[in-house]
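Single-structure report; data block below.
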Amino acid sequence: MSSIEMDHIVKEYGDGFQAVNDVSLDIADGEFMILVGPSGCGKSTLLRMIVGLEDITSGEMRIGGARVNEKAPRDRNLSMVFQNYALYPHLSVYENIAFPLRLSKTPNDEVEKRVNQAADVLELHEHLKRKPANLSGGQRQRVAMGRAIVRDADAFLFDEPLSNLDAKLRGQMRTEIARLQRRLGITTVYVTHDQTEAMTLGDRVCVLRKGLVQQVASPRELYEQPVNLFVAGFIGSPPMNFLPASLEGTALRTPFGDIELGEERAATVRGHDVLLVGIRPEYFEDASLVDEAKKPHGATFTAQVDVTEWLGDAQYAYIPYEAPAEVAEQLKELSEELDSEQLRTQAVVSIDSTSRIREGREAEFWLDTRKIHIFDPKTGDNLT
Ligand code: ATP
């Protein structure tokens, strides 16, 4: 049993700064949990409190049901993989992997068996005699993982383990970590600021911002039902478009025309002078490629295409829009949640790579209005 439970965890540094602010999070036995968020959101601090490298200001941390607040790191039986791998340069790969077993005075034949098992899993056999300096970045990363899996730890903790690798290797190692975790079935907490890692690796993802949990959900739920503007804008690439809007009766007035919401949906967003409508790039399509039968489920509009980007398997079109001046002004005043990114004056639209839409011309787009999100610009909450 190696669940990890965080109960109202607070971390205040000496200067009174709260890096982690009342975080409660339960990680189930065997679960792969991702902690993600922008730089400074407190994710490394949280991880370091789990492993015991940082004191907990208040709240309770439990591992396998037992309180660990006062336990030293070595008594917590956790394996941590650091961003810089923390390998010993003077030791061979074999001895680096064996290190935790030497510390616990494991008999030699058992050490040999376990190191060989780890080397099997990570395909490190041919490198066992080498020193870390003579390995590639990806191989060093594997040695660091070997050292983590060689003992029977209750959980793995990863702190941005792939950030020193180039993009291609990062992709490979990501798949390896996912495979390894599934094979070993061990509770894992993985810190990253990379949303691709967050979306592909975890059973669940915890999105943090300024020391506060924003949402804990499966990758699909985060993508499809973000609870607020921050999560909606953070997850997804290219990011969600946020357009100024207002409600007129049961219609949402947007820069691309009116979207009929129907009474039930309109009721959930009524009472706000201004709204933000969140539209992922793929909610749009080139209208000429949409089935006639599907068209009534959305809205068709004409817009000028500024730039297109053709990527082989996808194509993006950028369409400028104008927000009514007073709405833009009101939005700016309403909330510090909104940064210039969220108040762009062009929408990015993902269309089929076969689309004939061209730069500098007008084109007809179809928008799947069933999928749009509507946010309160003041609180950032997703109202839909
Ligand atoms: P990054 O991705 O940049 O590592 P992070 O989300 O992991 O960011 P943390 O390293 O947990 O963030 O830091 C959270 C906040 O706490 C930051 O604002 C940081 O400056 C602050 N902080 C971290 N360590 C200390 C410390 N020892 N003393 C004071 N403040 C600290």
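To be explicit about the labels: the chains of the structure tokens are called A, B, and onward in the order shown, and within each one the residues are counted from 1, while ligands get numbers from 1 in the order they are shown.
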Would you mind listing, for every residue of chain A within 7 Å of ligand 1, the two atoms forming the shortest contact and the distance between them in Å to one decimal, using only C-alpha atoms and all ligand atoms, sorted by chain and ascending residue number, as JSON lines?
{"residue": "A:Tyr13", "atom": "CA", "partner": "ligand 1", "partner_atom_place_in_ligand_line": "29 (C)", "distance": 4.9}
{"residue": "A:Gly14", "atom": "CA", "partner": "ligand 1", "partner_atom_place_in_ligand_line": "28 (N)", "distance": 6.5}
{"residue": "A:Asp15", "atom": "CA", "partner": "ligand 1", "partner_atom_place_in_ligand_line": "29 (C)", "distance": 6.7}
{"residue": "A:Phe17", "atom": "CA", "partner": "ligand 1", "partner_atom_place_in_ligand_line": "30 (N)", "distance": 6.6}
{"residue": "A:Ala19", "atom": "CA", "partner": "ligand 1", "partner_atom_place_in_ligand_line": "16 (O)", "distance": 4.3}
{"residue": "A:Gly37", "atom": "CA", "partner": "ligand 1", "partner_atom_place_in_ligand_line": "6 (O)", "distance": 6.3}
{"residue": "A:Pro38", "atom": "CA", "partner": "ligand 1", "partner_atom_place_in_ligand_line": "6 (O)", "distance": 6.1}
{"residue": "A:Ser39", "atom": "CA", "partner": "ligand 1", "partner_atom_place_in_ligand_line": "3 (O)", "distance": 3.6}
{"residue": "A:Gly40", "atom": "CA", "partner": "ligand 1", "partner_atom_place_in_ligand_line": "12 (O)", "distance": 3.5}
{"residue": "A:Cys41", "atom": "CA", "partner": "ligand 1", "partner_atom_place_in_ligand_line": "6 (O)", "distance": 3.8}
{"residue": "A:Gly42", "atom": "CA", "partner": "ligand 1", "partner_atom_place_in_ligand_line": "11 (O)", "distance": 3.2}
{"residue": "A:Lys43", "atom": "CA", "partner": "ligand 1", "partner_atom_place_in_ligand_line": "6 (O)", "distance": 4.1}
{"residue": "A:Ser44", "atom": "CA", "partner": "ligand 1", "partner_atom_place_in_ligand_line": "7 (O)", "distance": 3.6}
{"residue": "A:Thr45", "atom": "CA", "partner": "ligand 1", "partner_atom_place_in_ligand_line": "11 (O)", "distance": 3.6}
{"residue": "A:Leu46", "atom": "CA", "partner": "ligand 1", "partner_atom_place_in_ligand_line": "11 (O)", "distance": 6.4}
{"residue": "A:His193", "atom": "CA", "partner": "ligand 1", "partner_atom_place_in_ligand_line": "2 (O)", "distance": 6.0}
Expected answer as an MDAnalysis selection string: alpha helix (DSSP H) residues in range 24-206 of chain A:
chainID A and resid 43:51 93:103 108:122 137:149 167:184 195:201
Proximity check range 181-225 of chain A to range 118-138 of chain A, 12 Å, nearest pairs one decimal Å, only C-alpha atoms, as JSON lines:
{"residue": "A:Gln181", "atom": "CA", "partner": "A:Val121", "partner_atom": "CA", "distance": 11.3}
{"residue": "A:Arg183", "atom": "CA", "partner": "A:Val121", "partner_atom": "CA", "distance": 9.7}
{"residue": "A:Leu184", "atom": "CA", "partner": "A:Val121", "partner_atom": "CA", "distance": 10.3}
Could you state the separation of CA of Gly278 in chain A and CA of Ile259 in chain A in Å, given to one decimal place?
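Computing the Euclidean distance for CA of Gly278 in chain A and CA of Ile259 in chain A yields 12.8 Å.
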For Gln304 in chain A, find every residue with an atom within 10 Å (counting only C-alpha atoms), except residues of its own chain fewer than 5 positions away, and show them as number ranges by chain.
A: 317-321, 358-364
Keeping only N, CA and C atoms, write the selected residues to a file as an mmCIF file, in the first residue's frame.
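Result written to out.cif:
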data_model
loop_
_atom_site.group_PDB
_atom_site.id
_atom_site.type_symbol
_atom_site.label_atom_id
_atom_site.label_comp_id
_atom_site.auth_asym_id
_atom_site.auth_seq_id
_atom_site.Cartn_x
_atom_site.Cartn_y
_atom_site.Cartn_z
ATOM 1 N N ALA A 317 -5.007 28.273 -39.792
ATOM 2 C CA ALA A 317 -5.297 29.562 -40.431
ATOM 3 C C ALA A 317 -5.500 30.580 -39.316
ATOM 4 N N TYR A 318 -4.991 31.773 -39.528
ATOM 5 C CA TYR A 318 -5.147 32.848 -38.538
ATOM 6 C C TYR A 318 -6.170 33.831 -39.060
ATOM 7 N N ILE A 319 -7.221 34.039 -38.290
ATOM 8 C CA ILE A 319 -8.258 34.962 -38.738
ATOM 9 C C ILE A 319 -8.437 36.103 -37.729
ATOM 10 N N PRO A 320 -8.142 37.318 -38.218
ATOM 11 C CA PRO A 320 -8.258 38.476 -37.335
ATOM 12 C C PRO A 320 -9.730 38.767 -37.034
ATOM 13 N N TYR A 321 -9.983 39.344 -35.882
ATOM 14 C CA TYR A 321 -11.343 39.799 -35.572
ATOM 15 C C TYR A 321 -11.258 41.080 -34.776
ATOM 16 N N ARG A 358 -7.067 29.967 -48.580
ATOM 17 C CA ARG A 358 -5.809 30.639 -48.923
ATOM 18 C C ARG A 358 -5.630 31.959 -48.181
ATOM 19 N N GLU A 359 -4.365 32.310 -47.987
ATOM 20 C CA GLU A 359 -4.027 33.571 -47.304
ATOM 21 C C GLU A 359 -4.557 34.777 -48.073
ATOM 22 N N GLY A 360 -4.973 35.770 -47.329
ATOM 23 C CA GLY A 360 -5.372 37.033 -47.944
ATOM 24 C C GLY A 360 -6.746 37.000 -48.583
ATOM 25 N N ARG A 361 -7.448 35.853 -48.496
ATOM 26 C CA ARG A 361 -8.787 35.769 -49.092
ATOM 27 C C ARG A 361 -9.830 35.536 -48.008
ATOM 28 N N GLU A 362 -11.060 35.766 -48.406
ATOM 29 C CA GLU A 362 -12.161 35.430 -47.493
ATOM 30 C C GLU A 362 -12.444 33.943 -47.585
ATOM 31 N N ALA A 363 -12.887 33.375 -46.486
ATOM 32 C CA ALA A 363 -13.245 31.958 -46.522
ATOM 33 C C ALA A 363 -14.418 31.719 -45.589
ATOM 34 N N GLU A 364 -15.121 30.631 -45.860
ATOM 35 C CA GLU A 364 -16.244 30.255 -44.993
ATOM 36 C C GLU A 364 -15.783 29.215 -43.987
#
Which of range 161-243 of chain A fall in strand (DSSP E or B), as a PyMOL selection string:
chain A and resi 187-192+204-209+212-217+228+241-243
Just to be explicit: take each residue in the selection above, keep C-alpha atoms, and write the result as a compact mmCIF listing (two decimals), in the first residue's frame.
# COMPACT_ATOMS: atom_id res chain seq x y z
CA THR A 187 2.87 4.94 -7.52
CA THR A 188 4.55 7.77 -9.42
CA VAL A 189 4.57 11.54 -9.04
CA TYR A 190 6.07 13.41 -11.97
CA VAL A 191 6.75 17.14 -12.09
CA THR A 192 6.90 18.95 -15.41
CA ARG A 204 -4.35 12.13 -13.69
CA VAL A 205 -2.89 15.61 -13.89
CA CYS A 206 -2.83 18.22 -11.13
CA VAL A 207 -2.58 21.74 -12.58
CA LEU A 208 -0.99 24.24 -10.19
CA ARG A 209 -0.78 27.99 -10.32
CA LEU A 212 -2.88 26.66 -5.63
CA VAL A 213 -4.46 23.59 -7.20
CA GLN A 214 -6.54 24.63 -10.19
CA GLN A 215 -7.86 21.25 -11.32
CA VAL A 216 -7.09 17.56 -10.81
CA ALA A 217 -8.44 15.38 -13.61
CA ASN A 228 -11.27 27.92 -15.56
CA ASN A 241 -8.96 31.08 -28.45
CA PHE A 242 -10.71 33.43 -26.06
CA LEU A 243 -13.10 35.83 -27.74
Excluding same-chain residues fewer than 5 positions from Gln315 in chain A, what lies within 10 Å of it counting only C-alpha atoms, as an MDAnalysis selection string?
chainID A and resid 308:310 349:355 357
Write out, as a compact mmCIF listing (two decimals), in the first residue's frame, the residues just selected, with C-alpha atoms.
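Dumped to selection-v4.txt:
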# COMPACT_ATOMS: atom_id res chain seq x y z
CA THR A 308 -1.97 29.96 -43.09
CA GLU A 309 0.55 27.41 -41.85
CA TRP A 310 0.65 24.03 -43.55
CA VAL A 349 -8.15 27.81 -36.55
CA SER A 350 -7.11 24.21 -37.26
CA ILE A 351 -8.43 22.99 -40.58
CA ASP A 352 -7.94 19.86 -42.66
CA SER A 353 -4.61 19.76 -44.48
CA THR A 354 -6.51 19.27 -47.76
CA SER A 355 -8.39 22.56 -47.29
CA ILE A 357 -8.38 28.06 -47.87
Just checking: using only C-alpha atoms, which residue out of A:Val277, A:Leu165, A:Leu35, A:Leu78 ends up closest to Leu247 in chain A?
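Residue with the minimum atom-to-atom distance to Leu247 in chain A: A:Val277.
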Selection: 10 Å around Gly298 in chain A, only C-alpha atoms, excl. self and same-chain fewer than 5 positions, as a list in words:
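Everything that qualifies: Ile259, Glu260, Tyr283, Phe284, Trp366, Leu367, Asp368, Thr369, Arg370 and Lys371 of chain A.
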Residues just named, written with N, CA and C atoms as a CSV table (one decimal), in the first residue's frame:
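Dumped to selection_27.csv:
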chain,number,residue,atom,x,y,z
A,259,ILE,N,-24.2,33.2,-31.8
A,259,ILE,CA,-24.3,31.8,-31.6
A,259,ILE,C,-25.5,31.6,-30.8
A,260,GLU,N,-26.5,30.8,-31.3
A,260,GLU,CA,-27.7,30.6,-30.6
A,260,GLU,C,-27.5,29.5,-29.5
A,283,TYR,N,-12.2,23.2,-33.1
A,283,TYR,CA,-13.7,23.3,-33.2
A,283,TYR,C,-14.2,24.0,-34.5
A,284,PHE,N,-13.2,24.6,-35.1
A,284,PHE,CA,-13.5,25.2,-36.5
A,284,PHE,C,-13.2,24.3,-37.6
A,366,TRP,N,-16.9,26.8,-40.5
A,366,TRP,CA,-18.0,26.3,-39.7
A,366,TRP,C,-17.4,26.0,-38.3
A,367,LEU,N,-18.3,26.4,-37.3
A,367,LEU,CA,-17.8,26.3,-35.9
A,367,LEU,C,-18.8,25.3,-35.2
A,368,ASP,N,-18.2,24.3,-34.5
A,368,ASP,CA,-19.1,23.4,-33.8
A,368,ASP,C,-19.5,24.1,-32.5
A,369,THR,N,-20.6,24.7,-32.5
A,369,THR,CA,-21.0,25.5,-31.3
A,369,THR,C,-21.4,24.7,-30.1
A,370,ARG,N,-21.5,23.4,-30.3
A,370,ARG,CA,-21.8,22.5,-29.1
A,370,ARG,C,-20.7,22.4,-28.2
A,371,LYS,N,-19.5,22.6,-28.7
A,371,LYS,CA,-18.3,22.4,-27.9
A,371,LYS,C,-17.7,23.6,-27.2
Within 9 Å of Met49 in chain A, counting only C-alpha atoms, which residues show up once you throw out same-chain ones fewer than 5 positions away? Write them as a short mmCIF file (atom, residue, chain, number, x, y, z; two decimals) with N, CA and C atoms, in the first residue's frame, please.
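The resulting file, selection_0.cif, is shown below:
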data_model
loop_
_atom_site.label_atom_id
_atom_site.label_comp_id
_atom_site.auth_asym_id
_atom_site.auth_seq_id
_atom_site.Cartn_x
_atom_site.Cartn_y
_atom_site.Cartn_z
N LYS A 11 3.35 25.46 2.37
CA LYS A 11 4.79 25.69 2.51
C LYS A 11 5.04 27.19 2.48
N SER A 44 7.81 21.85 -7.70
CA SER A 44 9.01 21.20 -7.16
C SER A 44 8.98 21.21 -5.63
N GLU A 54 12.15 19.02 2.08
CA GLU A 54 11.66 20.34 2.46
C GLU A 54 10.69 20.14 3.61
N ASP A 55 10.81 20.96 4.66
CA ASP A 55 9.86 20.86 5.78
C ASP A 55 8.47 21.30 5.35
N ILE A 56 7.47 20.75 6.00
CA ILE A 56 6.09 21.13 5.72
C ILE A 56 5.68 22.16 6.77
N MET A 61 1.13 15.08 5.60
CA MET A 61 1.52 14.26 4.46
C MET A 61 1.50 12.81 4.93
N ASN A 69 5.37 13.55 8.07
CA ASN A 69 5.90 14.91 8.23
C ASN A 69 7.26 14.97 8.91
#
Name the closest residue to Pro238 in chain A among the candidates A:Ile186, A:Ala287, A:Val348, A:Val143; distances are taken between atoms, counting only C-alpha atoms.
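Counting only C-alpha atoms, the residue closest to Pro238 in chain A is A:Val348.
Across the structure, CA of Ile149 in chain A and CA of Ile63 in chain A are spaced 18.2 Å apart.
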Might you pull out every residue within 10 Å of Arg356 in chain A, with only C-alpha atoms counted and same-chain residues fewer than 6 positions away left off, and present them as a list of chain:residue names?
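Residues near the query, excluding close chain neighbours: A:Asp286, A:Ser288, A:Leu289, A:Ala363.
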Keeping only N, CA and C atoms, write the selected residues to a file as a compact mmCIF listing (two decimals), in the first residue's frame.
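Written out: again33.txt:
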# COMPACT_ATOMS: atom_id res chain seq x y z
N ASP A 286 -13.14 24.10 -42.20
CA ASP A 286 -13.38 24.72 -43.49
C ASP A 286 -14.81 24.33 -43.88
N SER A 288 -16.52 24.37 -46.45
CA SER A 288 -16.75 23.64 -47.71
C SER A 288 -16.49 22.14 -47.55
N LEU A 289 -15.84 21.74 -46.45
CA LEU A 289 -15.54 20.32 -46.25
C LEU A 289 -16.48 19.67 -45.23
N ALA A 363 -12.89 33.37 -46.49
CA ALA A 363 -13.25 31.96 -46.52
C ALA A 363 -14.42 31.72 -45.59
Interatomic distance between CA of Met6 in chain A and CA of Ser24 in chain A?
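Between these atoms lies a distance of 5.0 Å.
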